[in-house]
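Shown next, in structure tokens, is the structure this report addresses.
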Amino acid sequence: MSITTDDVFAIARLGRLRINDKDASHYAESLTDIMDLVAQMNTVDTNTIKPMAHPQDVNLPLREDKVTEKNCRDALLQIAPSAEKGLFLVPRVVE
Amino acid sequence: MRWECVIGLEIHVQLKTKSKIFSGSSTAYGAMPNTQASYVDAALPGVLPVMNREAAIMAVKFGLAVGAEINQTSIFARKNYFYPDLPKGYQISQFEVPIVGAGSIDISVGEKTKTIGITRAHLEEDAGKSLHEDFQGQTGIDLNRAGTPLLEIVSDPDMRSPAEAVAYLRKIHTLVRYLEICDGNMQEGSFRCDANISMRRPGDELGTRAELKNINSFRFVEKAIEFEIERQIEVLEDGGKVVQETRLYDSDKHETRSMRGKEQAHDYRYFPDPDLPPLVIDSDTLADIKKSLPELPEEKTARFICDYQLSHQEASLLTVDKTTAEFFEAVLEKDSSLTAKLVANWIGGELTARLNKESLTITESAVSAESLALLLSRVNDNTISGKIAKDVFNSMWETGDAPDNIIEAKGLKQISDSGAIESIVDEVLARSVTQVDQYKAGQHKVLGFLVGQIMKESRGKANPAQVNQILKQKLES
């Protein structure tokens with residue numbers, strides 16, 4: 001499977017990564033190599049094997065429904081680049 | 001040529017847990033911004049989610065109530081997208097294996113009953129809130145809601161009219177409140193609905209759908225869908241194509257409009273969340289949850305029809321929420337000589353009217369079930385007429401006084417002494433010579449006028465049945 005530079009730009013946009021034209025072809029080649037490796041794995045017959053959702057054979061630990069956290073707003077807002085009236089401020093999101 | 005609309009709904013139900021799905025923060029509504037956001041909710045590096053057992057139990061309750069398969073092993077996945085109210089850059093959701101599989105629910109529209117398929121219901125976390133006003137062109141973010149447990153209930157595209165969509169939505173709304181897994185408050189966003197709508201010629205394949213986002217009242221659901229159907233028909237009849245997109249309903253302008261920006265390329269790149277191993281509901285837990293299910297709306301309706309000889313409509317009105325049904329049964333328990341119909345009429349009539357007028361729920365009623373029973377007992381034993389009872393009810397509501405005290409203090413006791421009624425009848429007949437002649441000439445309609453005069457003369461206190469009987473006797477003698 002071949003990854004084009006257009007694919008690279010599309011993936012970068014989804015991941016909010018800024019990349020330049022020069023690097024794009026390099027990434028396209030590397031990603032194509034990775035996809036080829038995956039394609040190789042796809043040749044193994046796994047029809048009788050249950051898909052694995054997690055590498056460890058454990059169940060999800062569950063906790064009781066209790067409020068255990070205290071208000072930590074001041075600590076959180078302190079490390080925010082911008083805050084006002086108890087809110088985080090971010091560049092305007094267009095609706 | 002006719003068009004057929006195809007509607008599917010996605011309902012987001014906020015589960016009524018005390019704490020969030022993956023953190024110990026409170027889920028209480030209305031707190032000061034960001035005071036209920038923990039390090040996990042704010043997605044600080046290095047934190048890990050820990051699943052709330054109650055959220056899983058609530059999801060299973062819903063699944064069992066709609067006869068769905070429960071996936072005793074279900075898997076959490078990451079749904080990747082960037083939006084400031086989702087600080088992790090992904091939402092923890094379920095994708096390939098949701099906790100609740102396929103089920104169904106019956107709806108009624110008019111006389112018709114129809115089964116609506118439920119594709120699935122999955123657990124996920126709610127996002128925070130973005131506030132766009134007042135920040136000099138910036139957006140404010142409140143993470144109090146981030147991590148509130150949601151059950152997203154996805155229907156099959158089985159609805160064929162806005163009325164069916166509303167009936168389905170109401171049914172789910174009633175059900176989640178019966179199960180006590182959601183408070184159902186649409187204004188506060190605890191119960192939200194997206195609608196997928198497409199048009200086709202009957203018998204054709206499904207057409208391209210548009211998604212209507214976040215419609216927050218039953219009335220708007222119907223209007224928004226109606227509008228969207230008209231819009232799509234117009235596009236199609238002009239030879240155009242419906243574009244697959246997300247649209248927002250504007251209730252002020254009564255229109256839907258495209259939501260650009262967030263749309264572009266929908267590619268959520270779901271993958272199993274490595275932080276969360278599979279969620280397993282063992283068989284014992286499943287059996288316990290099954291045992292804990294309350295009487296469900298349909299069972300209750302059937303029981304009310306059977307035990308209390310109510311019509312389907314009366315029974316459905318009383319069972320639309322659990323608290324109304326409990327109120328009804330509490331009245332009857334207080335005085336078992338009351339007829340169920342009388343109680344049903346009062347709850348559906350005077351009480352509901354008053355509650356609506358004051359925007360209260362039945363649990364906030366100023367007249368308790370016990371007091372209403374006392375009042376209706378006085379109607380039942382002919383102490384007061386039904387009409388006077390309405391006045392007494394209003395006084396009870398305003399003063400909180402017991403019905404007997406009000407009847408006594410205001411001298412409202414019904415006149416059932418036939419001698420006393422006779423003298424009032426005689427008095428009225430004596431001054432209504434014209435009407436008496438008309439009656440005797442066969443114009444029986446004037447009876448109503450005469451009864452009215454007699455009731456007025458008695459200030460509403462004469463027993464109406466006796467008045468009718470005595471009046472007829474006198475006119476026909």
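Please note that chains go A, B, ... in the order of the structure tokens, that every chain numbers its residues from 1, and that ligands are numbered from 1 in the order shown.
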For chain A against chain B, which residues fall within 7 Å using only C-alpha atoms, given as a PyMOL selection string?
chain A and resi 53-54+58-69+71-73+86-95
Give the strand (DSSP E) residues of chain A, as assigned by DSSP on the backbone, as a ChimeraX atom specification.
/A:62-63,83-84,87-91
Write out the residues from the selection above, keeping all heavy atoms, as a PDB file, in the first residue's frame.
ATOM      1  N   LEU A  62     -13.028  -1.796  38.660  1.00  0.00           N
ATOM      2  CA  LEU A  62     -14.127  -0.836  38.817  1.00  0.00           C
ATOM      3  C   LEU A  62     -14.049  -0.199  40.192  1.00  0.00           C
ATOM      4  O   LEU A  62     -13.640  -0.832  41.160  1.00  0.00           O
ATOM      5  CB  LEU A  62     -15.470  -1.559  38.660  1.00  0.00           C
ATOM      6  CG  LEU A  62     -15.690  -2.257  37.315  1.00  0.00           C
ATOM      7  CD1 LEU A  62     -16.964  -3.093  37.353  1.00  0.00           C
ATOM      8  CD2 LEU A  62     -15.770  -1.227  36.188  1.00  0.00           C
ATOM      9  N   ARG A  63     -14.465   1.065  40.269  1.00  0.00           N
ATOM     10  CA  ARG A  63     -14.471   1.737  41.569  1.00  0.00           C
ATOM     11  C   ARG A  63     -15.903   2.038  41.983  1.00  0.00           C
ATOM     12  O   ARG A  63     -16.820   2.070  41.149  1.00  0.00           O
ATOM     13  CB  ARG A  63     -13.656   3.037  41.515  1.00  0.00           C
ATOM     14  CG  ARG A  63     -14.010   3.975  40.377  1.00  0.00           C
ATOM     15  CD  ARG A  63     -13.303   5.315  40.491  1.00  0.00           C
ATOM     16  NE  ARG A  63     -14.290   6.341  40.783  1.00  0.00           N
ATOM     17  CZ  ARG A  63     -15.051   6.930  39.873  1.00  0.00           C
ATOM     18  NH1 ARG A  63     -14.975   6.638  38.621  1.00  0.00           N
ATOM     19  NH2 ARG A  63     -15.919   7.823  40.230  1.00  0.00           N
ATOM     20  N   ALA A  83      -6.780  32.456  31.415  1.00  0.00           N
ATOM     21  CA  ALA A  83      -7.990  32.093  32.154  1.00  0.00           C
ATOM     22  C   ALA A  83      -8.714  33.354  32.592  1.00  0.00           C
ATOM     23  O   ALA A  83      -8.098  34.408  32.775  1.00  0.00           O
ATOM     24  CB  ALA A  83      -7.637  31.243  33.361  1.00  0.00           C
ATOM     25  N   GLU A  84     -10.023  33.251  32.726  1.00  0.00           N
ATOM     26  CA  GLU A  84     -10.812  34.394  33.197  1.00  0.00           C
ATOM     27  C   GLU A  84     -12.111  33.881  33.803  1.00  0.00           C
ATOM     28  O   GLU A  84     -12.724  32.945  33.272  1.00  0.00           O
ATOM     29  CB  GLU A  84     -11.115  35.316  32.004  1.00  0.00           C
ATOM     30  CG  GLU A  84     -11.572  36.703  32.401  1.00  0.00           C
ATOM     31  CD  GLU A  84     -11.934  37.544  31.179  1.00  0.00           C
ATOM     32  OE1 GLU A  84     -11.100  37.659  30.266  1.00  0.00           O
ATOM     33  OE2 GLU A  84     -13.068  38.047  31.141  1.00  0.00           O
ATOM     34  N   LEU A  87     -12.730  30.266  34.000  1.00  0.00           N
ATOM     35  CA  LEU A  87     -12.767  29.485  32.761  1.00  0.00           C
ATOM     36  C   LEU A  87     -11.390  29.474  32.101  1.00  0.00           C
ATOM     37  O   LEU A  87     -10.645  30.446  32.211  1.00  0.00           O
ATOM     38  CB  LEU A  87     -13.772  30.105  31.778  1.00  0.00           C
ATOM     39  CG  LEU A  87     -15.236  30.099  32.212  1.00  0.00           C
ATOM     40  CD1 LEU A  87     -16.011  31.144  31.425  1.00  0.00           C
ATOM     41  CD2 LEU A  87     -15.853  28.728  32.013  1.00  0.00           C
ATOM     42  N   PHE A  88     -11.082  28.370  31.418  1.00  0.00           N
ATOM     43  CA  PHE A  88      -9.914  28.365  30.544  1.00  0.00           C
ATOM     44  C   PHE A  88     -10.279  29.188  29.318  1.00  0.00           C
ATOM     45  O   PHE A  88     -11.393  29.072  28.808  1.00  0.00           O
ATOM     46  CB  PHE A  88      -9.593  26.939  30.067  1.00  0.00           C
ATOM     47  CG  PHE A  88      -9.213  25.993  31.166  1.00  0.00           C
ATOM     48  CD1 PHE A  88     -10.156  25.136  31.721  1.00  0.00           C
ATOM     49  CD2 PHE A  88      -7.912  25.952  31.651  1.00  0.00           C
ATOM     50  CE1 PHE A  88      -9.805  24.248  32.725  1.00  0.00           C
ATOM     51  CE2 PHE A  88      -7.550  25.063  32.656  1.00  0.00           C
ATOM     52  CZ  PHE A  88      -8.505  24.210  33.205  1.00  0.00           C
ATOM     53  N   LEU A  89      -9.360  30.023  28.835  1.00  0.00           N
ATOM     54  CA  LEU A  89      -9.634  30.760  27.599  1.00  0.00           C
ATOM     55  C   LEU A  89      -8.803  30.175  26.466  1.00  0.00           C
ATOM     56  O   LEU A  89      -7.615  29.913  26.625  1.00  0.00           O
ATOM     57  CB  LEU A  89      -9.315  32.242  27.764  1.00  0.00           C
ATOM     58  CG  LEU A  89     -10.261  33.057  28.636  1.00  0.00           C
ATOM     59  CD1 LEU A  89      -9.955  34.542  28.502  1.00  0.00           C
ATOM     60  CD2 LEU A  89     -11.723  32.781  28.298  1.00  0.00           C
ATOM     61  N   VAL A  90      -9.477  29.964  25.353  1.00  0.00           N
ATOM     62  CA  VAL A  90      -8.796  29.405  24.178  1.00  0.00           C
ATOM     63  C   VAL A  90      -9.161  30.256  22.962  1.00  0.00           C
ATOM     64  O   VAL A  90     -10.148  30.991  23.004  1.00  0.00           O
ATOM     65  CB  VAL A  90      -9.212  27.937  23.928  1.00  0.00           C
ATOM     66  CG1 VAL A  90      -8.833  27.056  25.107  1.00  0.00           C
ATOM     67  CG2 VAL A  90     -10.702  27.826  23.631  1.00  0.00           C
ATOM     68  N   PRO A  91      -8.380  30.152  21.875  1.00  0.00           N
ATOM     69  CA  PRO A  91      -8.761  30.900  20.671  1.00  0.00           C
ATOM     70  C   PRO A  91     -10.190  30.547  20.274  1.00  0.00           C
ATOM     71  O   PRO A  91     -10.615  29.404  20.436  1.00  0.00           O
ATOM     72  CB  PRO A  91      -7.767  30.403  19.617  1.00  0.00           C
ATOM     73  CG  PRO A  91      -6.598  29.912  20.392  1.00  0.00           C
ATOM     74  CD  PRO A  91      -7.142  29.402  21.690  1.00  0.00           C
TER      75      PRO A  91
END
Distance criterion (only C-alpha atoms): nearest to Gly240 in chain B out of B:Ser93, B:Glu427, B:Thr208, B:Glu329
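Under the stated criterion, the closest residue is B:Thr208.
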Show which residues sit within 12 Å of Lys114 in chain B, as a VMD selection string. Count only C-alpha atoms, and ignore same-chain residues fewer than 3 positions away.
chain B and resid 104 to 111 117 158 to 160 164 to 165 167 to 168
Could the residues in this selection be written to a file with all heavy atoms, as a compact mmCIF listing (two decimals), in the first residue's frame?
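Everything below was put into out.txt:
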# COMPACT_ATOMS: atom_id res chain seq x y z
N SER B 104 -35.15 -3.58 21.37
CA SER B 104 -36.25 -2.87 20.71
C SER B 104 -37.23 -2.33 21.74
O SER B 104 -37.21 -2.72 22.91
CB SER B 104 -37.00 -3.80 19.76
OG SER B 104 -37.70 -4.77 20.50
N ILE B 105 -38.09 -1.44 21.28
CA ILE B 105 -39.10 -0.85 22.16
C ILE B 105 -40.34 -0.56 21.32
O ILE B 105 -40.23 -0.27 20.14
CB ILE B 105 -38.52 0.43 22.84
CG1 ILE B 105 -39.32 0.81 24.07
CG2 ILE B 105 -38.44 1.60 21.88
CD1 ILE B 105 -38.58 1.79 24.97
N ASP B 106 -41.52 -0.72 21.94
CA ASP B 106 -42.77 -0.45 21.20
C ASP B 106 -43.23 0.97 21.45
O ASP B 106 -43.19 1.45 22.58
CB ASP B 106 -43.87 -1.42 21.66
CG ASP B 106 -43.62 -2.83 21.16
OD1 ASP B 106 -42.81 -2.99 20.22
OD2 ASP B 106 -44.22 -3.77 21.72
N ILE B 107 -43.67 1.63 20.39
CA ILE B 107 -44.23 2.98 20.55
C ILE B 107 -45.68 2.97 20.05
O ILE B 107 -46.06 2.10 19.25
CB ILE B 107 -43.44 4.04 19.76
CG1 ILE B 107 -43.45 3.75 18.26
CG2 ILE B 107 -42.03 4.16 20.28
CD1 ILE B 107 -43.09 4.94 17.40
N SER B 108 -46.46 3.93 20.53
CA SER B 108 -47.83 4.09 20.02
C SER B 108 -47.99 5.48 19.45
O SER B 108 -47.62 6.47 20.09
CB SER B 108 -48.85 3.90 21.13
OG SER B 108 -48.66 2.66 21.75
N VAL B 109 -48.53 5.55 18.24
CA VAL B 109 -48.92 6.85 17.68
C VAL B 109 -50.39 6.70 17.30
O VAL B 109 -50.73 5.91 16.44
CB VAL B 109 -48.07 7.22 16.45
CG1 VAL B 109 -48.60 8.51 15.81
CG2 VAL B 109 -46.61 7.39 16.84
N GLY B 110 -51.24 7.46 18.00
CA GLY B 110 -52.68 7.28 17.82
C GLY B 110 -53.04 5.87 18.22
O GLY B 110 -52.69 5.42 19.31
N GLU B 111 -53.71 5.14 17.33
CA GLU B 111 -54.14 3.78 17.64
C GLU B 111 -53.07 2.76 17.27
O GLU B 111 -53.15 1.60 17.62
CB GLU B 111 -55.43 3.45 16.87
CG GLU B 111 -56.60 4.35 17.19
CD GLU B 111 -57.18 4.06 18.58
OE1 GLU B 111 -57.81 3.00 18.73
OE2 GLU B 111 -56.97 4.88 19.49
N GLY B 117 -36.54 -0.60 16.47
CA GLY B 117 -35.32 -1.31 16.81
C GLY B 117 -34.30 -0.39 17.47
O GLY B 117 -34.21 0.78 17.15
N ASP B 158 -35.97 3.41 11.90
CA ASP B 158 -37.28 2.77 11.81
C ASP B 158 -38.45 3.75 11.85
O ASP B 158 -39.59 3.36 11.67
CB ASP B 158 -37.45 1.79 12.98
CG ASP B 158 -36.69 0.49 12.76
OD1 ASP B 158 -36.20 0.30 11.62
OD2 ASP B 158 -36.58 -0.30 13.71
N MET B 159 -38.19 5.02 12.10
CA MET B 159 -39.30 5.97 12.24
C MET B 159 -39.60 6.62 10.90
O MET B 159 -38.70 6.87 10.11
CB MET B 159 -38.98 6.98 13.32
CG MET B 159 -39.03 6.35 14.70
SD MET B 159 -37.93 7.13 15.89
CE MET B 159 -36.41 6.26 15.60
N ARG B 160 -40.89 6.83 10.66
CA ARG B 160 -41.32 7.32 9.35
C ARG B 160 -42.07 8.65 9.42
O ARG B 160 -42.66 9.10 8.44
CB ARG B 160 -42.23 6.28 8.67
CG ARG B 160 -41.53 4.97 8.32
CD ARG B 160 -40.54 5.15 7.16
NE ARG B 160 -39.79 3.92 6.92
CZ ARG B 160 -38.63 3.64 7.52
NH1 ARG B 160 -38.09 4.49 8.38
NH2 ARG B 160 -38.01 2.51 7.27
N GLU B 164 -43.71 9.84 15.08
CA GLU B 164 -43.12 8.59 15.57
C GLU B 164 -41.81 8.86 16.30
O GLU B 164 -41.53 8.23 17.31
CB GLU B 164 -42.87 7.62 14.40
CG GLU B 164 -44.13 6.96 13.89
CD GLU B 164 -43.87 5.92 12.78
OE1 GLU B 164 -42.70 5.58 12.52
OE2 GLU B 164 -44.86 5.48 12.20
N ALA B 165 -41.05 9.81 15.78
CA ALA B 165 -39.77 10.14 16.42
C ALA B 165 -40.02 10.68 17.83
O ALA B 165 -39.34 10.29 18.78
CB ALA B 165 -39.00 11.16 15.59
N ALA B 167 -42.68 10.11 19.70
CA ALA B 167 -43.22 9.02 20.53
C ALA B 167 -42.07 8.14 21.05
O ALA B 167 -42.06 7.74 22.21
CB ALA B 167 -44.22 8.19 19.74
N TYR B 168 -41.11 7.86 20.17
CA TYR B 168 -39.96 7.04 20.56
C TYR B 168 -39.14 7.77 21.64
O TYR B 168 -38.76 7.20 22.67
CB TYR B 168 -39.10 6.73 19.34
CG TYR B 168 -37.74 6.16 19.65
CD1 TYR B 168 -37.59 4.82 19.99
CD2 TYR B 168 -36.60 6.96 19.61
CE1 TYR B 168 -36.35 4.29 20.29
CE2 TYR B 168 -35.36 6.44 19.91
CZ TYR B 168 -35.22 5.11 20.25
OH TYR B 168 -33.99 4.59 20.54
Using only C-alpha atoms, determine which residues lie at most 9 Å from Ile415 in chain B, disregarding the query and same-chain residues fewer than 4 positions distant; provide the list as a PDB file with N, CA, C and O atoms, in the first residue's frame.
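Dumped everything to selection23.pdb:
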ATOM      1  N   THR B 383     -70.724  14.809  50.594  1.00  0.00           N
ATOM      2  CA  THR B 383     -70.649  16.000  51.439  1.00  0.00           C
ATOM      3  C   THR B 383     -70.566  17.242  50.554  1.00  0.00           C
ATOM      4  O   THR B 383     -71.167  18.270  50.834  1.00  0.00           O
ATOM      5  N   ILE B 384     -69.800  17.150  49.470  1.00  0.00           N
ATOM      6  CA  ILE B 384     -69.700  18.266  48.522  1.00  0.00           C
ATOM      7  C   ILE B 384     -69.832  17.726  47.088  1.00  0.00           C
ATOM      8  O   ILE B 384     -69.603  16.542  46.856  1.00  0.00           O
ATOM      9  N   ALA B 420     -85.161  20.745  51.732  1.00  0.00           N
ATOM     10  CA  ALA B 420     -84.495  22.033  51.457  1.00  0.00           C
ATOM     11  C   ALA B 420     -84.370  22.245  49.954  1.00  0.00           C
ATOM     12  O   ALA B 420     -84.597  23.353  49.443  1.00  0.00           O
ATOM     13  N   ILE B 421     -84.002  21.176  49.229  1.00  0.00           N
ATOM     14  CA  ILE B 421     -83.847  21.307  47.780  1.00  0.00           C
ATOM     15  C   ILE B 421     -85.202  21.619  47.149  1.00  0.00           C
ATOM     16  O   ILE B 421     -85.311  22.511  46.296  1.00  0.00           O
ATOM     17  N   SER B 458     -78.654  27.914  45.206  1.00  0.00           N
ATOM     18  CA  SER B 458     -78.100  27.188  46.359  1.00  0.00           C
ATOM     19  C   SER B 458     -76.616  27.473  46.530  1.00  0.00           C
ATOM     20  O   SER B 458     -75.951  26.833  47.318  1.00  0.00           O
ATOM     21  N   LYS B 461     -74.369  24.474  46.159  1.00  0.00           N
ATOM     22  CA  LYS B 461     -74.289  23.442  47.187  1.00  0.00           C
ATOM     23  C   LYS B 461     -75.324  22.325  47.052  1.00  0.00           C
ATOM     24  O   LYS B 461     -75.228  21.300  47.716  1.00  0.00           O
ATOM     25  N   ALA B 462     -76.376  22.558  46.247  1.00  0.00           N
ATOM     26  CA  ALA B 462     -77.406  21.518  46.119  1.00  0.00           C
ATOM     27  C   ALA B 462     -76.829  20.305  45.411  1.00  0.00           C
ATOM     28  O   ALA B 462     -76.026  20.433  44.489  1.00  0.00           O
ATOM     29  N   ASN B 463     -77.242  19.127  45.867  1.00  0.00           N
ATOM     30  CA  ASN B 463     -76.783  17.895  45.236  1.00  0.00           C
ATOM     31  C   ASN B 463     -77.371  17.816  43.832  1.00  0.00           C
ATOM     32  O   ASN B 463     -78.592  17.718  43.678  1.00  0.00           O
TER      33      ASN B 463
END
Please report, as a PyMOL selection string, each residue of chain A to which DSSP assigns alpha helix (DSSP H) when run on this structure's backbone.
chain A and resi 5-14+21-42+73-78
Those residues with N, CA, C and O atoms, as a short mmCIF file (atom, residue, chain, number, x, y, z; two decimals), in the first residue's frame please?
data_model
loop_
_atom_site.label_atom_id
_atom_site.label_comp_id
_atom_site.auth_asym_id
_atom_site.auth_seq_id
_atom_site.Cartn_x
_atom_site.Cartn_y
_atom_site.Cartn_z
N THR A 5 1.73 11.91 -0.64
CA THR A 5 1.95 13.12 0.17
C THR A 5 0.60 13.75 0.54
O THR A 5 0.47 14.36 1.60
N ASP A 6 -0.41 13.59 -0.32
CA ASP A 6 -1.75 14.09 0.03
C ASP A 6 -2.27 13.40 1.30
O ASP A 6 -2.84 14.05 2.19
N ASP A 7 -2.04 12.08 1.37
CA ASP A 7 -2.45 11.34 2.58
C ASP A 7 -1.72 11.90 3.79
O ASP A 7 -2.30 12.08 4.86
N VAL A 8 -0.43 12.16 3.61
CA VAL A 8 0.39 12.67 4.72
C VAL A 8 -0.19 13.99 5.23
O VAL A 8 -0.38 14.19 6.44
N PHE A 9 -0.54 14.87 4.31
CA PHE A 9 -1.10 16.16 4.74
C PHE A 9 -2.46 15.98 5.42
O PHE A 9 -2.78 16.67 6.40
N ALA A 10 -3.26 15.04 4.93
CA ALA A 10 -4.57 14.79 5.54
C ALA A 10 -4.41 14.27 6.96
O ALA A 10 -5.07 14.74 7.90
N ILE A 11 -3.47 13.32 7.14
CA ILE A 11 -3.24 12.76 8.48
C ILE A 11 -2.68 13.83 9.42
O ILE A 11 -3.08 13.95 10.57
N ALA A 12 -1.78 14.64 8.89
CA ALA A 12 -1.18 15.71 9.70
C ALA A 12 -2.26 16.70 10.15
O ALA A 12 -2.25 17.16 11.30
N ARG A 13 -3.19 17.00 9.26
CA ARG A 13 -4.24 17.95 9.63
C ARG A 13 -5.12 17.36 10.74
O ARG A 13 -5.48 18.05 11.69
N LEU A 14 -5.45 16.06 10.63
CA LEU A 14 -6.25 15.41 11.68
C LEU A 14 -5.53 15.44 13.03
O LEU A 14 -6.15 15.58 14.07
N ASP A 21 6.48 20.92 3.07
CA ASP A 21 6.43 20.14 1.82
C ASP A 21 7.64 19.22 1.66
O ASP A 21 7.53 18.11 1.17
N LYS A 22 8.80 19.73 2.12
CA LYS A 22 10.05 18.98 1.94
C LYS A 22 9.98 17.64 2.69
O LYS A 22 10.37 16.61 2.17
N ASP A 23 9.45 17.72 3.94
CA ASP A 23 9.40 16.51 4.76
C ASP A 23 8.30 15.55 4.32
O ASP A 23 8.38 14.35 4.58
N ALA A 24 7.29 16.08 3.65
CA ALA A 24 6.10 15.26 3.35
C ALA A 24 6.45 14.01 2.56
O ALA A 24 5.96 12.92 2.85
N SER A 25 7.33 14.15 1.56
CA SER A 25 7.63 12.98 0.74
C SER A 25 8.41 11.94 1.55
O SER A 25 8.23 10.74 1.40
N HIS A 26 9.26 12.45 2.47
CA HIS A 26 10.01 11.55 3.35
C HIS A 26 9.03 10.76 4.23
O HIS A 26 9.12 9.53 4.36
N TYR A 27 8.06 11.47 4.82
CA TYR A 27 7.06 10.80 5.67
C TYR A 27 6.26 9.80 4.85
O TYR A 27 5.94 8.71 5.31
N ALA A 28 5.94 10.19 3.62
CA ALA A 28 5.14 9.30 2.77
C ALA A 28 5.88 7.97 2.56
O ALA A 28 5.27 6.89 2.66
N GLU A 29 7.18 8.07 2.32
CA GLU A 29 7.97 6.84 2.12
C GLU A 29 8.00 5.99 3.40
O GLU A 29 7.76 4.79 3.35
N SER A 30 8.27 6.65 4.54
CA SER A 30 8.35 5.90 5.80
C SER A 30 7.01 5.24 6.12
O SER A 30 6.96 4.08 6.54
N LEU A 31 5.95 5.99 5.95
CA LEU A 31 4.62 5.44 6.27
C LEU A 31 4.27 4.28 5.33
O LEU A 31 3.66 3.30 5.75
N THR A 32 4.71 4.40 4.08
CA THR A 32 4.47 3.30 3.13
C THR A 32 5.18 2.04 3.61
O THR A 32 4.61 0.95 3.58
N ASP A 33 6.41 2.21 4.10
CA ASP A 33 7.16 1.07 4.64
C ASP A 33 6.39 0.42 5.80
O ASP A 33 6.29 -0.80 5.90
N ILE A 34 5.85 1.28 6.68
CA ILE A 34 5.10 0.75 7.84
C ILE A 34 3.86 -0.01 7.37
O ILE A 34 3.57 -1.11 7.84
N MET A 35 3.18 0.57 6.39
CA MET A 35 1.98 -0.09 5.89
C MET A 35 2.32 -1.43 5.22
O MET A 35 1.55 -2.37 5.31
N ASP A 36 3.48 -1.47 4.60
CA ASP A 36 3.90 -2.73 3.98
C ASP A 36 4.13 -3.81 5.04
O ASP A 36 3.79 -4.98 4.85
N LEU A 37 4.70 -3.37 6.16
CA LEU A 37 4.92 -4.30 7.27
C LEU A 37 3.57 -4.83 7.79
O LEU A 37 3.40 -6.03 8.03
N VAL A 38 2.61 -3.91 7.93
CA VAL A 38 1.28 -4.31 8.39
C VAL A 38 0.65 -5.28 7.38
O VAL A 38 0.05 -6.29 7.76
N ALA A 39 0.86 -4.99 6.10
CA ALA A 39 0.30 -5.86 5.06
C ALA A 39 0.88 -7.27 5.17
O ALA A 39 0.17 -8.26 4.99
N GLN A 40 2.15 -7.32 5.54
CA GLN A 40 2.80 -8.61 5.74
C GLN A 40 2.12 -9.38 6.88
O GLN A 40 1.86 -10.57 6.77
N MET A 41 1.80 -8.67 7.95
CA MET A 41 1.11 -9.32 9.08
C MET A 41 -0.28 -9.77 8.66
O MET A 41 -0.79 -10.80 9.13
N ASN A 42 -0.88 -9.01 7.76
CA ASN A 42 -2.23 -9.36 7.31
C ASN A 42 -2.29 -10.69 6.56
O ASN A 42 -3.37 -11.26 6.41
N ARG A 73 -9.51 23.87 41.08
CA ARG A 73 -9.56 24.85 39.99
C ARG A 73 -8.34 25.77 39.99
O ARG A 73 -7.73 26.01 38.95
N ASP A 74 -7.99 26.27 41.16
CA ASP A 74 -6.89 27.25 41.19
C ASP A 74 -5.60 26.64 40.64
O ASP A 74 -4.89 27.28 39.87
N ALA A 75 -5.33 25.40 41.05
CA ALA A 75 -4.11 24.72 40.58
C ALA A 75 -4.16 24.54 39.07
O ALA A 75 -3.15 24.74 38.37
N LEU A 76 -5.32 24.17 38.54
CA LEU A 76 -5.44 23.94 37.09
C LEU A 76 -5.32 25.26 36.31
O LEU A 76 -4.62 25.33 35.30
N LEU A 77 -5.99 26.28 36.80
CA LEU A 77 -5.98 27.54 36.04
C LEU A 77 -4.60 28.21 36.07
O LEU A 77 -4.25 28.96 35.17
N GLN A 78 -3.86 27.91 37.13
CA GLN A 78 -2.53 28.50 37.26
C GLN A 78 -1.60 28.08 36.11
O GLN A 78 -0.76 28.85 35.68
#
Distance of CA of Asp250 in chain B from CA of Gly189 in chain B, expressed in Å to one decimal place
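Spanning CA of Gly189 in chain B to CA of Asp250 in chain B is a straight-line distance of 16.7 Å.
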